[in-house]
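Step one of this worksheet: look at the structure below.
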Amino acid sequence: MATKLADNIDEIITDPATYADEDLYHRIFAQLRASDPVHWCAATQYHPFWAVTRHADIMRVELDAKNFLNEPRQFLVTIDDQKMLEEQTGGSNFARNLVAMDNPDHKAYRALTADWFGAKSVRALEDKITDLARETVDRMIAKGGSCDFAKEIAAWYPLRTIMIVLGVPREDEPLMLELSQKVFGGSDADTGGGEGMASMLEAFNAFNQYFGGVVSDRLTNPRNDVATLLSTATIDGTPIGEAERNAYFLIIAAAGHDTTSSAISGGLLALIRNPDQMAMLRANPDLMPQAVDEFIRWTTPVKHFFRTAVEDCDVGGQAVKAGDSLMMCYPSANRDEAVFDDPMAFRIDRKPNRQLAFGYGPHVCLGQFLAKMEIRILFAELLARIDEIELDGDPAWVKANFVSGLKRLPIRYRC
């Protein structure tokens, strides 16, 4: 029997505050999967779009890069913010990064760093990341048995990992954290957001200025890092453009940090709330790779991306017209009853786990191997050295409808 949709469902889907309430958005997406899986959304502050909520339909769209383009729309931007963006930049995207590109550019630009983020190269970083994980747990122990895990631990560990890959000095960590939180802070003033596109443009301009200095240094002092690779990169013998290079730095520095941070803090909260799963993982460390996939499915830090239909087509039984926007709702796909057995249960031994948190097809997340390794190594270290972890207050989530996760996770523990 079809579930009755909420009267204001379009506003709920787009409201950044919705994504600070896990129960709410999972309930809304469950209603859509049951009653209107490809839903026409005409929210007040946004240009209209189709909300695609089922796993199979999202996979279908993601796989067909020829008929569903990444440009011109990447993620939810209000009509007013879109006008501001176009006035200040002259374009529809503030950063033409890999997410915004279609072929042939996407294939060419992705190839620049594909080896760096491939499974083999990532494994070569394991010792450095293990040292960093140990240092991170040392910091927890030094705090004497309590901390805000989201703010004091999960926000810093993946940031430092990304900075190692880029080759950026450690003393610049606070600046990188501030800027990445402004990019993804949404409407949440607690995490650097609250000013919409104005805040994002300010952060992007600061990123450009910072990495402009990095590029100047690498051109005269090349090193074995991604910053040097991007500073000297060419495609078909021609140096890549400054705008594309800066956007590449942004997607690595900001997206590579914020999403992993959310999976780490959300994964720990899930273990705390499911003590049987915590005990199982402590007793069976070999389950860690499966647990990491479940952390990622459970948290789904990237809430959506958009595609634009090239021509009239059918998606999930709906007639989609050329030029229509489609929002792929990843949290919904990762709770799809047609794909996951008991999807609302957190199971560290879930197998198979066809989670779509990294996307799918040609645009699948470039940094997925690095993210999984970071999470695996940190939790192995944490569970081996930290005991009796429990909540020490109420957790809270970021109010953001694009990338979001916990902004507060107070815990107490025994070392």
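Quick note on naming: the chains in the structure tokens go A, B, ... in the order shown, residues restart at 1 in each chain, and ligands are numbered from 1 in order of appearance.
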Inset, instruction - Excluding Ser332 of chain A and residues on its chain fewer than 5 positions from it, collect all residues at most 7 Å away from it, counting only C-alpha atoms, and give them as a list in words. - result: His26, Phe29, Thr53 and Arg54 of chain A
Inset, instruction - Name the residues in contact with segment 128-145 of chain A at a cut-off of 8 Å, using only C-alpha atoms, excluding same-chain residues fewer than 2 positions from it; report them as a ChimeraX atom specification. - result: /A:125-126,147,153,157,161,374,377-378,381-382,385-386,412-415
Could you build a table of the residues in segment 97-207 of chain A lying no more than 12 Å from segment 289-310 of chain A, giving for each the nearest pair of atoms and their separation in Å rounded to one decimal place, using only C-alpha atoms, ordered by chain and ascending residue number, as CSV?
```
residue,atom,partner,partner_atom,distance
A:Val99,CA,A:Phe305,CA,8.7
A:Ala100,CA,A:Phe306,CA,9.5
A:Met101,CA,A:Arg307,CA,11.0
A:Asp102,CA,A:Arg307,CA,10.5
A:Phe184,CA,A:Val302,CA,10.2
```
Those same residues - N, CA and C atoms - I'd like them written as a compact mmCIF listing (two decimals), in the first residue's frame.
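Now in out.txt:
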```txt
# COMPACT_ATOMS: atom_id res chain seq x y z
N VAL A 99 33.72 17.15 -10.32
CA VAL A 99 32.29 16.89 -10.14
C VAL A 99 31.46 17.58 -11.22
N ALA A 100 31.91 18.75 -11.66
CA ALA A 100 31.15 19.54 -12.63
C ALA A 100 31.46 19.17 -14.07
N MET A 101 32.51 18.39 -14.30
CA MET A 101 32.95 18.12 -15.67
C MET A 101 32.25 16.93 -16.30
N ASP A 102 32.11 17.01 -17.61
CA ASP A 102 31.67 15.88 -18.42
C ASP A 102 32.79 15.52 -19.39
N PHE A 184 31.32 23.77 3.05
CA PHE A 184 30.27 22.78 3.25
C PHE A 184 29.38 23.08 4.46
```
Inset, instruction - Report as an MDAnalysis selection string: the residues of segment 3-169 of chain A with a DSSP assignment of strand (DSSP E), based on the backbone of this structure. - result: chainID A and resid 38:41 49:52 68:69 146:148
Inset, instruction - Identify, on the basis of only C-alpha atoms, every residue whose closest approach to segment 321-330 of chain A does not exceed 10 Å; exclude the query and any residue fewer than 3 positions from it along the same chain; express the result as an NGL selection string. - result: :A and (13 or 29 or 38-41 or 47-55 or 57-59 or 61-62 or 67-76 or 297 or 300-315 or 318 or 333-336 or 355-359)
Inset, instruction - Find, counting only C-alpha atoms, the residue in A:Lys151, A:Asn97, A:Leu370, A:Ser261 that gets nearest to Gly241 of chain A. - result: A:Asn97
Inset, instruction - Give me every helix (DSSP H, G or I) residue in segment 243-396 of chain A, going by DSSP on the backbone, as a ChimeraX atom specification. - result: /A:243-273,275-283,285-299,330-333,361-363,368-385
Save the residues we just selected, C-alpha atoms, as an mmCIF file, in the first residue's frame?
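Output below, filename result_4.cif:
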```cif
data_model
loop_
_atom_site.group_PDB
_atom_site.id
_atom_site.type_symbol
_atom_site.label_atom_id
_atom_site.label_comp_id
_atom_site.auth_asym_id
_atom_site.auth_seq_id
_atom_site.Cartn_x
_atom_site.Cartn_y
_atom_site.Cartn_z
ATOM 1 C CA ALA A 243 40.645 27.942 -12.696
ATOM 2 C CA GLU A 244 40.593 24.175 -13.268
ATOM 3 C CA ARG A 245 43.753 23.712 -11.205
ATOM 4 C CA ASN A 246 42.380 25.714 -8.283
ATOM 5 C CA ALA A 247 39.095 23.813 -8.442
ATOM 6 C CA TYR A 248 41.059 20.541 -8.364
ATOM 7 C CA PHE A 249 42.862 21.661 -5.193
ATOM 8 C CA LEU A 250 39.513 22.569 -3.663
ATOM 9 C CA ILE A 251 37.852 19.231 -4.350
ATOM 10 C CA ILE A 252 40.805 17.315 -2.875
ATOM 11 C CA ALA A 253 41.413 19.550 0.140
ATOM 12 C CA ALA A 254 37.816 20.216 1.166
ATOM 13 C CA ALA A 255 35.752 17.286 -0.081
ATOM 14 C CA GLY A 256 38.440 14.738 0.763
ATOM 15 C CA HIS A 257 38.435 15.894 4.354
ATOM 16 C CA ASP A 258 34.841 16.724 5.239
ATOM 17 C CA THR A 259 33.200 13.557 3.964
ATOM 18 C CA THR A 260 35.646 11.221 5.716
ATOM 19 C CA SER A 261 35.308 13.191 8.943
ATOM 20 C CA SER A 262 31.532 12.697 8.833
ATOM 21 C CA ALA A 263 31.852 8.958 8.234
ATOM 22 C CA ILE A 264 34.265 8.602 11.155
ATOM 23 C CA SER A 265 32.172 10.469 13.718
ATOM 24 C CA GLY A 266 28.915 8.953 12.472
ATOM 25 C CA GLY A 267 30.453 5.480 12.500
ATOM 26 C CA LEU A 268 31.474 5.835 16.129
ATOM 27 C CA LEU A 269 28.020 7.076 17.117
ATOM 28 C CA ALA A 270 26.476 4.052 15.406
ATOM 29 C CA LEU A 271 28.775 1.723 17.366
ATOM 30 C CA ILE A 272 27.894 3.473 20.638
ATOM 31 C CA ARG A 273 24.174 3.155 19.914
ATOM 32 C CA PRO A 275 26.780 -1.995 21.654
ATOM 33 C CA ASP A 276 26.344 -5.502 20.274
ATOM 34 C CA GLN A 277 27.988 -4.335 17.044
ATOM 35 C CA MET A 278 30.768 -2.619 19.000
ATOM 36 C CA ALA A 279 31.417 -5.848 20.895
ATOM 37 C CA MET A 280 31.365 -7.887 17.687
ATOM 38 C CA LEU A 281 33.921 -5.605 16.049
ATOM 39 C CA ARG A 282 36.212 -5.670 19.090
ATOM 40 C CA ALA A 283 36.046 -9.470 19.145
ATOM 41 C CA PRO A 285 38.908 -7.219 14.013
ATOM 42 C CA ASP A 286 38.879 -8.997 10.641
ATOM 43 C CA LEU A 287 35.390 -7.555 10.147
ATOM 44 C CA MET A 288 36.827 -4.028 9.967
ATOM 45 C CA PRO A 289 36.664 -3.675 6.129
ATOM 46 C CA GLN A 290 32.975 -4.663 6.176
ATOM 47 C CA ALA A 291 32.365 -2.362 9.143
ATOM 48 C CA VAL A 292 33.897 0.557 7.243
ATOM 49 C CA ASP A 293 31.492 0.009 4.340
ATOM 50 C CA GLU A 294 28.628 -0.028 6.833
ATOM 51 C CA PHE A 295 29.851 3.210 8.464
ATOM 52 C CA ILE A 296 29.830 4.799 5.024
ATOM 53 C CA ARG A 297 26.383 3.440 4.079
ATOM 54 C CA TRP A 298 24.967 4.444 7.442
ATOM 55 C CA THR A 299 26.234 8.023 7.385
ATOM 56 C CA TYR A 330 22.093 8.969 -1.795
ATOM 57 C CA PRO A 331 20.785 8.512 1.772
ATOM 58 C CA SER A 332 17.604 7.129 0.253
ATOM 59 C CA ALA A 333 19.477 4.724 -2.026
ATOM 60 C CA GLY A 361 29.980 4.745 -12.630
ATOM 61 C CA PRO A 362 32.531 7.082 -14.254
ATOM 62 C CA HIS A 363 32.132 9.724 -11.546
ATOM 63 C CA GLN A 368 37.332 6.149 -2.041
ATOM 64 C CA PHE A 369 40.333 3.863 -1.414
ATOM 65 C CA LEU A 370 42.083 6.493 0.688
ATOM 66 C CA ALA A 371 38.925 7.223 2.696
ATOM 67 C CA LYS A 372 38.307 3.549 3.460
ATOM 68 C CA MET A 373 41.894 3.005 4.529
ATOM 69 C CA GLU A 374 41.859 6.071 6.796
ATOM 70 C CA ILE A 375 38.685 4.904 8.531
ATOM 71 C CA ARG A 376 39.884 1.298 8.859
ATOM 72 C CA ILE A 377 43.230 2.247 10.397
ATOM 73 C CA LEU A 378 41.773 4.779 12.849
ATOM 74 C CA PHE A 379 39.089 2.447 14.185
ATOM 75 C CA ALA A 380 41.539 -0.437 14.525
ATOM 76 C CA GLU A 381 43.767 1.790 16.649
ATOM 77 C CA LEU A 382 40.906 3.335 18.588
ATOM 78 C CA LEU A 383 39.171 0.076 19.531
ATOM 79 C CA ALA A 384 42.484 -1.537 20.524
ATOM 80 C CA ARG A 385 43.342 1.258 22.967
#
```
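We find atom CA of Ala56 of chain A and atom CA of Lys107 of chain A to be spaced 24.3 Å apart.
Straight-line separation from atom CA of Ile389 of chain A to atom CA of Leu406 of chain A: 16.9 Å.
Atom CA of Ala42 of chain A sits 21.6 Å away from atom CA of Asp21 of chain A.
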